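Student: Got a structure for you, run.csv, holding CSV, C-alpha atoms.
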```csv
chain,number,residue,atom,x,y,z
A,1,MET,CA,95.0,71.8,122.4
A,2,PRO,CA,92.4,74.2,123.8
A,3,VAL,CA,89.1,75.3,122.4
A,4,HIS,CA,87.2,78.4,123.5
A,5,GLY,CA,85.7,76.7,126.6
A,6,GLU,CA,89.0,75.4,127.9
A,7,SER,CA,90.8,78.7,127.9
A,8,TRP,CA,90.6,81.3,130.7
A,9,LEU,CA,90.7,84.0,127.9
A,10,ASP,CA,87.3,85.3,127.0
A,11,VAL,CA,87.3,85.3,123.2
A,12,PRO,CA,84.4,87.3,121.7
A,13,ASP,CA,81.9,85.4,119.7
A,14,GLY,CA,82.6,85.8,116.0
A,15,ALA,CA,86.3,86.6,116.5
A,16,GLU,CA,88.4,85.7,113.5
A,17,PHE,CA,90.9,83.6,115.6
A,18,GLY,CA,89.9,81.5,118.5
A,19,THR,CA,92.4,80.0,121.0
A,20,TYR,CA,92.9,76.9,118.9
A,21,VAL,CA,94.3,78.6,115.7
A,22,LEU,CA,97.2,80.6,117.2
A,23,PRO,CA,98.7,81.9,113.9
A,24,TYR,CA,102.0,83.7,113.8
A,25,GLY,CA,102.6,87.2,112.3
A,26,VAL,CA,104.7,90.3,112.6
A,27,PHE,CA,103.4,93.6,113.9
A,28,SER,CA,104.3,97.1,115.2
A,29,GLN,CA,102.3,99.3,117.4
A,30,THR,CA,100.7,102.1,115.5
A,31,LYS,CA,100.5,104.4,118.5
A,32,ARG,CA,104.3,104.5,118.6
A,33,GLY,CA,104.6,105.8,115.0
A,34,ASP,CA,106.4,104.5,111.9
A,35,THR,CA,109.6,103.9,113.9
A,36,ALA,CA,108.0,101.4,116.2
A,37,ALA,CA,109.9,98.1,116.4
A,38,ARG,CA,108.6,95.1,114.5
A,39,LYS,CA,107.7,92.2,116.8
A,40,THR,CA,106.6,88.6,116.4
A,41,GLY,CA,103.0,88.2,117.4
A,42,VAL,CA,100.2,85.6,117.8
A,43,ALA,CA,96.6,86.5,116.9
A,44,VAL,CA,94.1,85.6,119.6
A,45,GLY,CA,90.6,86.8,119.4
A,46,ASP,CA,90.6,90.5,118.6
A,47,SER,CA,94.1,91.0,120.0
A,48,VAL,CA,97.8,90.2,119.2
A,49,LEU,CA,100.0,88.6,121.8
A,50,ASP,CA,103.6,90.0,122.0
A,51,LEU,CA,105.2,86.5,121.8
A,52,ALA,CA,108.8,87.6,122.6
A,53,ALA,CA,107.7,89.7,125.6
A,54,VAL,CA,105.9,86.8,127.2
A,55,ALA,CA,108.6,84.3,126.3
A,56,GLY,CA,111.3,86.6,127.7
A,57,ARG,CA,109.4,87.1,131.0
A,58,LEU,CA,109.0,83.4,131.4
A,59,GLY,CA,112.5,82.5,130.4
A,60,GLU,CA,111.5,80.2,127.5
A,61,ASP,CA,114.2,78.5,125.5
A,62,PHE,CA,112.7,79.6,122.2
A,63,THR,CA,112.8,83.3,123.1
A,64,PRO,CA,115.8,84.2,120.8
A,65,LEU,CA,113.8,82.7,117.8
A,66,VAL,CA,111.0,85.3,118.2
A,67,GLU,CA,112.9,88.5,119.0
A,68,SER,CA,114.0,89.5,115.5
A,69,GLY,CA,110.8,91.0,114.1
A,70,SER,CA,110.6,88.3,111.4
A,71,LEU,CA,109.4,84.7,111.6
A,72,ASN,CA,112.4,83.4,109.7
A,73,PRO,CA,114.4,82.2,112.7
A,74,LEU,CA,111.3,80.4,114.0
A,75,LEU,CA,110.6,78.9,110.6
A,76,ALA,CA,114.2,77.5,110.3
A,77,ALA,CA,114.0,75.9,113.8
A,78,GLY,CA,112.0,72.9,112.6
A,79,ARG,CA,108.9,70.8,113.6
A,80,PRO,CA,110.0,69.8,117.1
A,81,VAL,CA,110.4,73.5,118.0
A,82,TRP,CA,107.2,74.5,116.2
A,83,ARG,CA,105.3,72.0,118.3
A,84,SER,CA,107.0,73.0,121.5
A,85,VAL,CA,106.2,76.7,121.0
A,86,ARG,CA,102.5,75.8,120.2
A,87,GLU,CA,102.3,73.7,123.3
A,88,ARG,CA,103.6,76.5,125.5
A,89,LEU,CA,101.2,79.0,123.9
A,90,THR,CA,98.4,76.5,124.6
A,91,GLU,CA,99.5,76.2,128.2
A,92,TRP,CA,99.7,79.9,128.7
A,93,LEU,CA,96.1,80.3,127.6
A,94,ARG,CA,94.8,77.3,129.6
A,95,ASP,CA,96.6,77.8,132.9
A,96,PRO,CA,95.2,80.8,134.8
A,97,SER,CA,98.5,81.3,136.6
A,98,TYR,CA,99.8,82.8,133.3
A,99,ARG,CA,97.0,85.3,133.0
A,100,PRO,CA,98.8,88.3,134.4
A,101,VAL,CA,101.8,88.1,132.0
A,102,VAL,CA,99.6,87.3,129.0
A,103,MET,CA,97.1,90.1,129.7
A,104,ALA,CA,99.9,92.6,130.1
A,105,ASN,CA,101.2,91.8,126.6
A,106,LEU,CA,97.9,91.5,124.7
A,107,ILE,CA,97.4,94.4,122.3
A,108,PRO,CA,94.2,95.2,120.5
A,109,ARG,CA,94.5,94.4,116.8
A,110,ALA,CA,93.0,97.8,116.0
A,111,ASP,CA,96.2,99.3,117.5
A,112,VAL,CA,98.8,97.4,115.5
A,113,ARG,CA,100.1,97.5,111.9
A,114,LEU,CA,100.7,94.1,110.3
A,115,HIS,CA,103.7,93.4,108.1
A,116,LEU,CA,105.0,90.6,105.9
A,117,PRO,CA,105.3,87.8,108.4
A,118,PHE,CA,108.5,86.4,107.0
A,119,GLU,CA,111.3,87.4,104.5
A,120,PRO,CA,110.4,85.6,101.2
A,121,ALA,CA,113.1,83.6,99.6
A,122,ASP,CA,111.8,82.0,96.4
A,123,PHE,CA,108.2,82.0,95.1
A,124,VAL,CA,106.6,79.3,93.0
A,125,ASP,CA,103.0,79.5,91.8
A,126,PHE,CA,101.2,76.3,90.7
A,127,TYR,CA,98.2,75.6,88.6
A,128,SER,CA,96.5,72.9,90.6
A,129,SER,CA,92.7,73.2,90.2
A,130,GLU,CA,91.3,71.0,87.5
A,131,HIS,CA,88.1,73.1,87.4
A,132,HIS,CA,90.1,76.3,86.8
A,133,ALA,CA,92.4,74.6,84.2
A,134,ARG,CA,89.4,73.2,82.3
A,135,SER,CA,87.6,76.6,82.3
A,136,VAL,CA,90.7,78.2,80.9
A,137,GLY,CA,91.0,75.4,78.3
A,138,ARG,CA,87.4,75.8,77.2
A,139,MET,CA,87.9,79.6,76.8
A,140,PHE,CA,91.1,79.5,74.8
A,141,ARG,CA,91.3,76.0,73.2
A,142,ALA,CA,87.7,75.7,72.0
A,143,GLY,CA,87.1,72.4,70.3
A,144,GLY,CA,90.3,70.8,71.7
A,145,ASP,CA,91.1,69.1,75.0
A,146,SER,CA,90.4,71.4,77.8
A,147,LEU,CA,93.4,70.2,79.7
A,148,PRO,CA,97.0,70.3,78.4
A,149,ALA,CA,98.5,66.8,77.8
A,150,ASN,CA,100.8,67.1,80.8
A,151,TRP,CA,98.3,68.4,83.3
A,152,LYS,CA,97.4,65.2,85.1
A,153,HIS,CA,101.0,63.9,85.1
A,154,LEU,CA,102.6,66.8,87.0
A,155,PRO,CA,101.8,69.9,89.0
A,156,VAL,CA,102.2,72.7,86.4
A,157,GLY,CA,103.9,75.8,87.9
A,158,TYR,CA,106.2,78.7,87.3
A,159,HIS,CA,108.8,80.6,89.3
A,160,GLY,CA,107.6,84.1,90.3
A,161,ARG,CA,109.2,87.2,91.8
A,162,ALA,CA,109.7,87.0,95.6
A,163,GLY,CA,110.6,90.7,95.5
A,164,THR,CA,107.1,91.8,94.6
A,165,ILE,CA,105.4,89.8,97.4
A,166,VAL,CA,103.6,92.5,99.4
A,167,PRO,CA,101.7,92.5,102.7
A,168,SER,CA,97.9,92.6,102.8
A,169,GLY,CA,96.6,96.1,102.5
A,170,THR,CA,99.3,97.3,100.2
A,171,PRO,CA,97.8,99.2,97.2
A,172,VAL,CA,98.4,97.6,93.8
A,173,SER,CA,99.2,99.9,90.9
A,174,ARG,CA,97.7,99.0,87.6
A,175,PRO,CA,100.7,97.6,85.6
A,176,ARG,CA,101.9,98.8,82.2
A,177,GLY,CA,103.2,96.5,79.5
A,178,GLN,CA,102.5,95.1,76.0
A,179,ARG,CA,99.1,93.9,74.9
A,180,GLY,CA,98.6,91.5,72.0
A,181,PRO,CA,97.5,92.6,68.5
A,182,GLY,CA,94.0,93.9,68.2
A,183,GLU,CA,92.0,94.5,65.0
A,184,GLY,CA,94.9,96.6,63.6
A,185,GLY,CA,97.2,93.6,63.8
A,186,SER,CA,99.9,95.3,65.9
A,187,PRO,CA,100.7,95.0,69.6
A,188,ALA,CA,100.0,98.0,71.9
A,189,PHE,CA,101.8,99.3,75.0
A,190,GLY,CA,99.9,100.7,77.9
A,191,SER,CA,98.0,99.9,81.1
A,192,THR,CA,96.4,96.5,81.4
A,193,ARG,CA,92.7,96.4,80.5
A,194,LYS,CA,92.3,93.0,82.1
A,195,LEU,CA,93.5,93.3,85.7
A,196,ASP,CA,92.4,90.2,87.7
A,197,PHE,CA,92.8,88.6,91.1
A,198,GLU,CA,93.6,84.9,91.8
A,199,ALA,CA,92.3,83.4,95.1
A,200,GLU,CA,95.0,81.0,96.3
A,201,VAL,CA,96.4,79.2,99.3
A,202,GLY,CA,100.1,79.5,100.1
A,203,PHE,CA,102.5,77.1,101.8
A,204,VAL,CA,105.4,78.6,103.9
A,205,VAL,CA,108.7,76.7,104.0
A,206,GLY,CA,110.7,76.7,107.2
A,207,VAL,CA,113.3,74.0,107.1
A,208,PRO,CA,115.7,74.2,104.1
A,209,SER,CA,116.8,71.1,102.1
A,210,GLU,CA,120.0,70.0,100.5
A,211,LEU,CA,120.8,70.9,96.9
A,212,GLY,CA,120.3,67.8,94.7
A,213,LYS,CA,118.2,66.0,97.3
A,214,PRO,CA,114.5,65.8,96.5
A,215,VAL,CA,111.9,66.2,99.3
A,216,GLY,CA,109.3,63.3,99.3
A,217,VAL,CA,105.5,63.8,99.7
A,218,ASP,CA,105.6,62.3,103.2
A,219,ASP,CA,108.2,64.8,104.3
A,220,PHE,CA,106.0,67.8,103.6
A,221,ALA,CA,105.2,68.5,107.2
A,222,GLU,CA,108.9,68.5,108.2
A,223,HIS,CA,109.6,71.4,105.9
A,224,VAL,CA,106.3,73.4,105.8
A,225,ILE,CA,105.3,75.3,108.9
A,226,GLY,CA,101.8,76.4,107.8
A,227,VAL,CA,99.6,78.1,105.3
A,228,CYS,CA,98.5,81.7,104.4
A,229,LEU,CA,96.3,83.3,101.8
A,230,VAL,CA,97.6,84.6,98.5
A,231,ASN,CA,96.3,86.9,95.8
A,232,ASP,CA,98.5,86.5,92.8
A,233,TRP,CA,97.3,89.5,90.8
A,234,SER,CA,97.3,89.0,87.0
A,235,ALA,CA,97.2,91.2,83.9
A,236,ARG,CA,95.4,88.8,81.6
A,237,ASP,CA,96.1,90.8,78.4
A,238,PHE,CA,99.8,90.9,79.0
A,239,GLN,CA,99.8,87.2,80.0
A,240,GLY,CA,98.0,86.1,76.8
A,241,TRP,CA,100.5,87.9,74.6
A,242,GLU,CA,103.8,87.0,76.4
A,243,TYR,CA,103.2,83.3,77.4
A,244,LYS,CA,103.8,81.9,73.9
A,245,PRO,CA,106.0,79.9,74.2
A,246,LEU,CA,107.1,80.5,77.8
A,247,GLY,CA,105.2,81.1,81.0
A,248,PRO,CA,104.0,84.2,82.9
A,249,PHE,CA,106.3,87.2,83.1
A,250,LEU,CA,105.0,90.8,83.3
A,251,GLY,CA,101.5,89.5,83.5
A,252,LYS,CA,102.3,88.2,87.0
A,253,SER,CA,105.4,90.0,88.2
A,254,PHE,CA,104.0,93.3,89.4
A,255,ALA,CA,102.4,92.2,92.8
A,256,THR,CA,101.5,89.1,94.8
A,257,SER,CA,99.6,90.0,98.0
A,258,LEU,CA,100.1,87.8,101.2
A,259,SER,CA,97.9,87.6,104.3
A,260,PRO,CA,99.6,88.7,107.5
A,261,TRP,CA,99.1,85.4,109.5
A,262,VAL,CA,100.8,82.0,109.0
A,263,VAL,CA,98.4,79.4,110.3
A,264,PRO,CA,100.4,76.3,111.6
A,265,LEU,CA,99.7,72.9,110.0
A,266,ASP,CA,99.1,71.7,113.6
A,267,ALA,CA,96.0,74.0,113.7
A,268,LEU,CA,94.6,72.2,110.7
A,269,ASP,CA,94.4,68.7,112.3
A,270,HIS,CA,90.6,68.6,111.6
A,271,ALA,CA,90.9,69.9,108.0
A,272,TRP,CA,92.9,67.2,106.3
A,273,VAL,CA,90.9,65.2,103.7
A,274,ALA,CA,91.6,62.8,100.8
A,275,PRO,CA,92.6,64.8,97.7
A,276,GLU,CA,90.5,64.9,94.5
A,277,GLY,CA,93.4,63.5,92.5
A,278,PRO,CA,95.4,62.1,90.9
A,279,ARG,CA,93.1,59.2,90.1
A,280,GLU,CA,95.2,58.0,87.2
A,281,GLU,CA,98.5,56.2,87.4
A,282,THR,CA,101.2,58.7,88.3
A,283,PHE,CA,104.9,58.5,89.0
A,284,ALA,CA,106.0,57.2,92.4
A,285,TYR,CA,107.4,60.5,93.6
A,286,LEU,CA,103.9,62.1,93.4
A,287,ARG,CA,102.0,59.3,95.1
A,288,CYS,CA,100.4,60.4,98.4
A,289,THR,CA,100.1,57.9,101.3
A,290,GLY,CA,98.4,60.4,103.5
A,291,ALA,CA,95.3,62.7,103.4
A,292,TRP,CA,97.1,65.8,102.2
A,293,GLY,CA,94.1,67.6,100.8
A,294,LEU,CA,92.6,70.4,102.9
A,295,ASP,CA,88.9,71.3,103.6
A,296,LEU,CA,89.3,75.1,103.3
A,297,ARG,CA,86.5,77.4,102.2
A,298,LEU,CA,87.5,80.6,100.6
A,299,THR,CA,85.4,83.7,100.2
A,300,VAL,CA,86.2,86.4,97.7
A,301,ARG,CA,84.7,89.9,98.1
A,302,LEU,CA,84.9,92.7,95.6
A,303,ASN,CA,84.3,96.1,97.2
A,304,GLY,CA,82.7,94.3,100.1
A,305,HIS,CA,80.3,92.2,97.9
A,306,PRO,CA,80.8,88.4,98.1
A,307,ILE,CA,81.3,87.2,94.6
A,308,ALA,CA,82.8,83.7,95.0
A,309,GLN,CA,83.3,80.9,97.5
A,310,PRO,CA,86.0,78.6,96.1
A,311,PRO,CA,86.4,75.2,97.9
A,312,PHE,CA,90.0,74.2,98.4
A,313,SER,CA,89.1,70.5,99.0
A,314,THR,CA,88.5,70.2,95.2
A,315,MET,CA,92.1,70.8,94.3
A,316,TYR,CA,93.6,68.1,92.1
A,317,TRP,CA,97.3,68.5,93.2
A,318,THR,CA,98.1,68.9,97.0
A,319,GLY,CA,100.7,71.0,98.7
A,320,ALA,CA,102.7,67.8,99.4
A,321,GLN,CA,102.8,66.9,95.8
A,322,GLN,CA,103.7,70.4,94.7
A,323,LEU,CA,106.6,70.4,97.1
A,324,ALA,CA,107.8,67.0,95.9
A,325,HIS,CA,107.6,68.1,92.2
A,326,LEU,CA,109.3,71.4,93.0
A,327,THR,CA,112.4,69.6,94.4
A,328,VAL,CA,112.5,66.4,92.4
A,329,ALA,CA,115.0,67.8,89.9
A,330,GLY,CA,117.3,68.7,92.7
A,331,ALA,CA,116.2,72.3,93.6
A,332,SER,CA,116.9,73.1,97.2
A,333,LEU,CA,114.4,74.7,99.6
A,334,ARG,CA,115.3,77.9,101.6
A,335,THR,CA,113.8,79.2,104.7
A,336,GLY,CA,111.0,81.7,103.7
A,337,ASP,CA,110.2,79.9,100.4
A,338,LEU,CA,106.6,80.4,99.4
A,339,PHE,CA,104.7,78.2,97.0
A,340,ALA,CA,101.1,78.8,96.1
A,341,SER,CA,98.3,76.5,94.9
A,342,GLY,CA,97.3,78.6,91.9
A,343,THR,CA,93.7,79.7,91.4
A,344,VAL,CA,91.2,77.9,93.6
A,345,SER,CA,88.0,77.1,91.7
A,346,GLY,CA,85.2,74.6,92.2
A,347,PRO,CA,82.7,73.0,89.8
A,348,GLU,CA,79.9,75.6,90.3
A,349,PRO,CA,79.8,79.1,88.7
A,350,ASP,CA,79.9,80.9,92.0
A,351,GLN,CA,83.0,78.9,93.1
A,352,ARG,CA,85.4,80.4,90.5
A,353,GLY,CA,88.4,82.0,92.0
A,354,SER,CA,89.2,84.7,89.3
A,355,LEU,CA,87.3,87.2,87.2
A,356,LEU,CA,88.7,85.5,84.2
A,357,GLU,CA,86.3,82.6,85.0
A,358,LEU,CA,83.6,84.5,86.7
A,359,SER,CA,83.1,86.9,83.8
A,360,TRP,CA,84.3,84.4,81.2
A,361,ASP,CA,87.1,86.7,80.0
A,362,GLY,CA,84.9,89.7,80.3
A,363,SER,CA,82.2,88.4,77.9
A,364,ASP,CA,79.7,87.9,80.7
A,365,PRO,CA,80.3,90.6,83.4
A,366,ILE,CA,79.3,89.9,86.9
A,367,LEU,CA,76.7,92.1,88.7
A,368,LEU,CA,77.5,93.6,92.0
A,369,ARG,CA,75.0,94.4,94.7
A,370,ASP,CA,75.4,98.1,94.0
A,371,GLY,CA,74.2,97.6,90.4
A,372,SER,CA,77.6,97.9,88.8
A,373,GLN,CA,79.2,95.3,86.6
A,374,ARG,CA,82.7,93.9,86.3
A,375,GLY,CA,84.4,92.0,83.6
A,376,TYR,CA,87.8,92.9,85.1
A,377,LEU,CA,88.9,95.2,87.9
A,378,ASN,CA,88.5,98.9,87.9
A,379,ASP,CA,90.8,101.5,89.5
A,380,GLY,CA,89.7,101.9,93.1
A,381,ASP,CA,88.3,98.3,93.4
A,382,GLU,CA,89.2,96.4,96.6
A,383,VAL,CA,89.6,92.6,96.6
A,384,SER,CA,89.5,90.7,99.9
A,385,ILE,CA,90.1,86.9,100.2
A,386,SER,CA,89.3,85.2,103.4
A,387,ALA,CA,89.0,81.5,104.4
A,388,THR,CA,87.8,79.1,107.1
A,389,ALA,CA,88.7,75.6,108.1
A,390,PRO,CA,87.1,72.9,110.4
A,391,GLY,CA,88.0,73.4,114.1
A,392,PRO,CA,88.1,70.8,116.9
A,393,ASP,CA,84.6,71.5,118.1
A,394,GLY,CA,82.8,71.1,114.8
A,395,SER,CA,82.7,74.9,114.1
A,396,ARG,CA,84.8,76.6,111.4
A,397,MET,CA,87.8,78.7,112.4
A,398,GLY,CA,89.2,81.7,110.5
A,399,LEU,CA,92.5,81.7,108.6
A,400,GLY,CA,92.8,85.4,108.1
A,401,GLU,CA,92.3,87.7,105.1
A,402,VAL,CA,94.4,89.2,102.3
A,403,THR,CA,93.3,92.5,100.9
A,404,GLY,CA,94.4,94.9,98.2
A,405,ARG,CA,93.0,98.0,96.4
A,406,VAL,CA,93.8,98.8,92.8
A,407,ARG,CA,95.2,102.3,92.1
A,408,PRO,CA,95.8,103.9,88.7
A,409,SER,CA,99.0,103.3,86.8
A,410,THR,CA,101.9,105.4,88.0
```
Translate the structure of the given file into structure tokens.
Tutor:
Amino acid sequence: MPVHGESWLDVPDGAEFGTYVLPYGVFSQTKRGDTAARKTGVAVGDSVLDLAAVAGRLGEDFTPLVESGSLNPLLAAGRPVWRSVRERLTEWLRDPSYRPVVMANLIPRADVRLHLPFEPADFVDFYSSEHHARSVGRMFRAGGDSLPANWKHLPVGYHGRAGTIVPSGTPVSRPRGQRGPGEGGSPAFGSTRKLDFEAEVGFVVGVPSELGKPVGVDDFAEHVIGVCLVNDWSARDFQGWEYKPLGPFLGKSFATSLSPWVVPLDALDHAWVAPEGPREETFAYLRCTGAWGLDLRLTVRLNGHPIAQPPFSTMYWTGAQQLAHLTVAGASLRTGDLFASGTVSGPEPDQRGSLLELSWDGSDPILLRDGSQRGYLNDGDEVSISATAPGPDGSRMGLGEVTGRVRPST
């Protein structure tokens, strides 16, 4: 696979995506208005390559998979096809004979609108950071065990709403719902007072599975095409009132923001690491034989101010274990399924991936560079989550960004 120096394409220094990453997304050309057709693209440097246009000109066998304006057909094609397409992309950028057709179909990213890269099927959000789980336990179970009794035996998760997955840049309206009893002893209805973000990594399922047939940890890469970044917005006051005895509902259902680029697992060859856990005896279906942890570094910005740098390498449960647990009872996978890691947090105070932890449920507000403070999000606040991973030349490559701005309740 190429690095910058092996490609004829001159990628600017500091570009988010070099010629090794080659993430997939869906775009339309803004200069053609709102009716412009959606197309499958590949991010390279500061441009987007019209994948279907180049593949069609060159008569590639995979052309029909990238013509629909959605990644779903490509997702469903499976790992041999995913690798074949990536190999051809690599060849186009390495062999100068392809330069004319590639250059004719490179569009500046400033001139495109990015959309949801695939049509979501089901959505599952996990709770896989021990550091995050222990922080929550210390906040709300003072004096008791900071981890629930089941936490190190299984990846805790919940089924979310695929219909409220929105593309990066979509405004998020402050949700309305019930808050728990205050000093008066009665619940209240209204806008959330504790709107929060959650910095997460998402895994995108391509190949479906058979109903009743579990997917093993070692089959992870046969079903998952790649990763993206996720902000699973949370209304903490709704969540605290409604989750007894069941799980998140209105506290999570109003919006989940998704980054526009799906980074293939094959671009992460240099990022795989041994996971943090489980270190205790676990059931056979969750035992990993491979290094399924990922050395990803996230950065969270609030109104442009960096406020946290969560390390994904510290996650206790891996994507492979999450997928195995998701299917062990017999649930089938569908093309376009998304499952997310849950809040990514590290051991240090500046590595916490939510305001719940950063401000300790609002009791210790964080200070921004402009002098303002935040316990939770204000209307007008913009949250951006980006990430990097190790590349083949020792540098770190970009994985994209997911952004959303809070607007008042409608």
Student: For Arg369 (chain A), find every residue with an atom within 12 Å (counting only C-alpha atoms), except residues of its own chain fewer than 4 positions away, and show them as a PyMOL selection string.
Tutor: chain A and resi 301-307+373-374
Student: Can you work out which one of A:Leu49, A:Val66, A:Leu333, A:Met397 has the shortest atom-to-atom distance to Asp13 (chain A), counting all atoms listed in the file?
Tutor: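 Residue with the minimum atom-to-atom distance to Asp13 (chain A): A:Met397.
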Student: Within 12 Å of region 27-48 of chain A, which residues of region 116-141 of chain A show up? Give each one with its shortest atom-to-atom distance in Å (one decimal) and the two atoms involved, counting all atoms listed in the file, rows by chain then rising residue number, as CSV.
Tutor:
```
residue,atom,partner,partner_atom,distance
A:Leu116,CA,A:Phe27,CA,8.7
A:Pro117,CA,A:Thr40,CA,8.1
A:Phe118,CA,A:Thr40,CA,9.8
```
Student: Those residues with C-alpha atoms, as a tab-separated table (two decimals), keeping the file's coordinate frame please?
Tutor:
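The result, written out as out_36.tsv:
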```tsv
chain	number	residue	atom	x	y	z
A	116	LEU	CA	105.00	90.60	105.90
A	117	PRO	CA	105.30	87.80	108.40
A	118	PHE	CA	108.50	86.40	107.00
```
Student: Pro187 (chain A): which residues within 12 Å, counting all atoms listed in the file, same-chain residues fewer than 2 positions away excluded, as a PDB file with C-alpha atoms, in the coordinates of the input?
Tutor:
```pdb
ATOM      1  CA  GLY A 177     103.200  96.500  79.500  1.00  0.00           C
ATOM      2  CA  GLN A 178     102.500  95.100  76.000  1.00  0.00           C
ATOM      3  CA  ARG A 179      99.100  93.900  74.900  1.00  0.00           C
ATOM      4  CA  GLY A 180      98.600  91.500  72.000  1.00  0.00           C
ATOM      5  CA  PRO A 181      97.500  92.600  68.500  1.00  0.00           C
ATOM      6  CA  GLY A 182      94.000  93.900  68.200  1.00  0.00           C
ATOM      7  CA  GLU A 183      92.000  94.500  65.000  1.00  0.00           C
ATOM      8  CA  GLY A 184      94.900  96.600  63.600  1.00  0.00           C
ATOM      9  CA  GLY A 185      97.200  93.600  63.800  1.00  0.00           C
ATOM     10  CA  PHE A 189     101.800  99.300  75.000  1.00  0.00           C
ATOM     11  CA  GLY A 190      99.900 100.700  77.900  1.00  0.00           C
ATOM     12  CA  ASP A 237      96.100  90.800  78.400  1.00  0.00           C
ATOM     13  CA  PHE A 238      99.800  90.900  79.000  1.00  0.00           C
ATOM     14  CA  GLY A 240      98.000  86.100  76.800  1.00  0.00           C
ATOM     15  CA  TRP A 241     100.500  87.900  74.600  1.00  0.00           C
ATOM     16  CA  GLU A 242     103.800  87.000  76.400  1.00  0.00           C
TER      17      GLU A 242
END
```
Student: Could you state the separation of CA of Arg287 (chain A) and CA of His270 (chain A) in Å, given to one decimal place?
Tutor: 22.1 Å
Student: So which one's closest to Glu87 (chain A), A:Asp232, A:Asp145, A:Asp266, A:Asp10? Using all atoms listed in the file, please.
Tutor: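 Of all the options, A:Asp266 lies closest to Glu87 (chain A).
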Student: With all atoms listed in the file as the atoms that count, which of A:Val201, A:Leu58, A:Cys288, A:Val21 lies nearest to Val273 (chain A)?
Tutor: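 So, comparing all the options, the nearest one is A:Cys288.
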Student: Fewer than 3 positions away in the same chain doesn't count, so skip those; otherwise give me all residues within 8 Å of Ala162 (chain A), counting all atoms listed in the file, as a ChimeraX atom specification.
Tutor: /A:120-123,165
Student: Which residues are near Asp379 (chain A)? Cut-off 10 Å, all atoms listed in the file, ignore same chain within fewer than 4 positions. Put them as a list in words.
Tutor: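 The residues that qualify are Val172, Ser173, Arg174, Leu195, Arg405, Val406, Arg407, Pro408 and Ser409 of chain A.
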Student: Which of these residues is nearest to Gly169 (chain A), using only C-alpha atoms: A:Ser257, A:Thr289, A:Thr63, A:Thr318?
Tutor: A:Ser257
Student: What's the separation between CA of Ala235 (chain A) and CA of Ser354 (chain A), in Å to one decimal place?
Tutor: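 Between CA of Ala235 (chain A) and CA of Ser354 (chain A) the gap is 11.6 Å.
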Student: To one decimal in Å, tell me the separation between CA of Arg113 (chain A) and CA of Pro23 (chain A).
Tutor: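 Between CA of Arg113 (chain A) and CA of Pro23 (chain A) the gap works out to 15.8 Å.
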Student: Have a look at A:Gly342, A:Pro167, A:Gly330, A:Pro349 and name the one nearest to Ala133 (chain A); count all atoms listed in the file.
Tutor: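 Using all atoms listed in the file, Ala133 (chain A) sits closest to A:Gly342.
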Student: Counting all atoms listed in the file, what is within 10 Å of Val402 (chain A), bar same-chain residues fewer than 3 positions away, as an MDAnalysis selection string?
Tutor: chainID A and resid 167:170 199 228:231 257:261 300 383:387 399
Student: Using only C-alpha atoms, find the one residue out of A:Ile225, A:Leu286, A:Ala291, A:Val166 that sits nearest to Leu74 (chain A).
Tutor: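 Answer, going by the shortest atom-to-atom distance: A:Ile225.
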Student: With N, CA, C and O atoms as the goal, would you fill in the gaps in region 210-216 of chain A and present it as a compact mmCIF listing (two decimals), in the frame of the given file?
Tutor:
```
# COMPACT_ATOMS: atom_id res chain seq x y z
N GLU A 210 118.71 70.09 101.13
CA GLU A 210 120.00 70.00 100.50
C GLU A 210 119.90 70.08 98.98
O GLU A 210 119.03 69.42 98.39
N LEU A 211 120.77 70.86 98.34
CA LEU A 211 120.80 70.90 96.90
C LEU A 211 121.02 69.54 96.31
O LEU A 211 121.93 68.82 96.73
N GLY A 212 120.18 69.15 95.36
CA GLY A 212 120.30 67.80 94.70
C GLY A 212 119.55 66.74 95.42
O GLY A 212 119.51 65.61 94.91
N LYS A 213 118.93 67.02 96.57
CA LYS A 213 118.20 66.00 97.30
C LYS A 213 116.72 66.30 97.33
O LYS A 213 116.28 67.24 97.99
N PRO A 214 115.91 65.52 96.59
CA PRO A 214 114.50 65.80 96.50
C PRO A 214 113.80 65.60 97.90
O PRO A 214 114.28 64.84 98.76
N VAL A 215 112.68 66.29 98.11
CA VAL A 215 111.90 66.20 99.30
C VAL A 215 110.63 65.32 98.94
O VAL A 215 109.89 65.67 98.02
N GLY A 216 110.41 64.21 99.63
CA GLY A 216 109.30 63.30 99.30
C GLY A 216 107.98 63.87 99.85
O GLY A 216 107.94 64.72 100.74
```
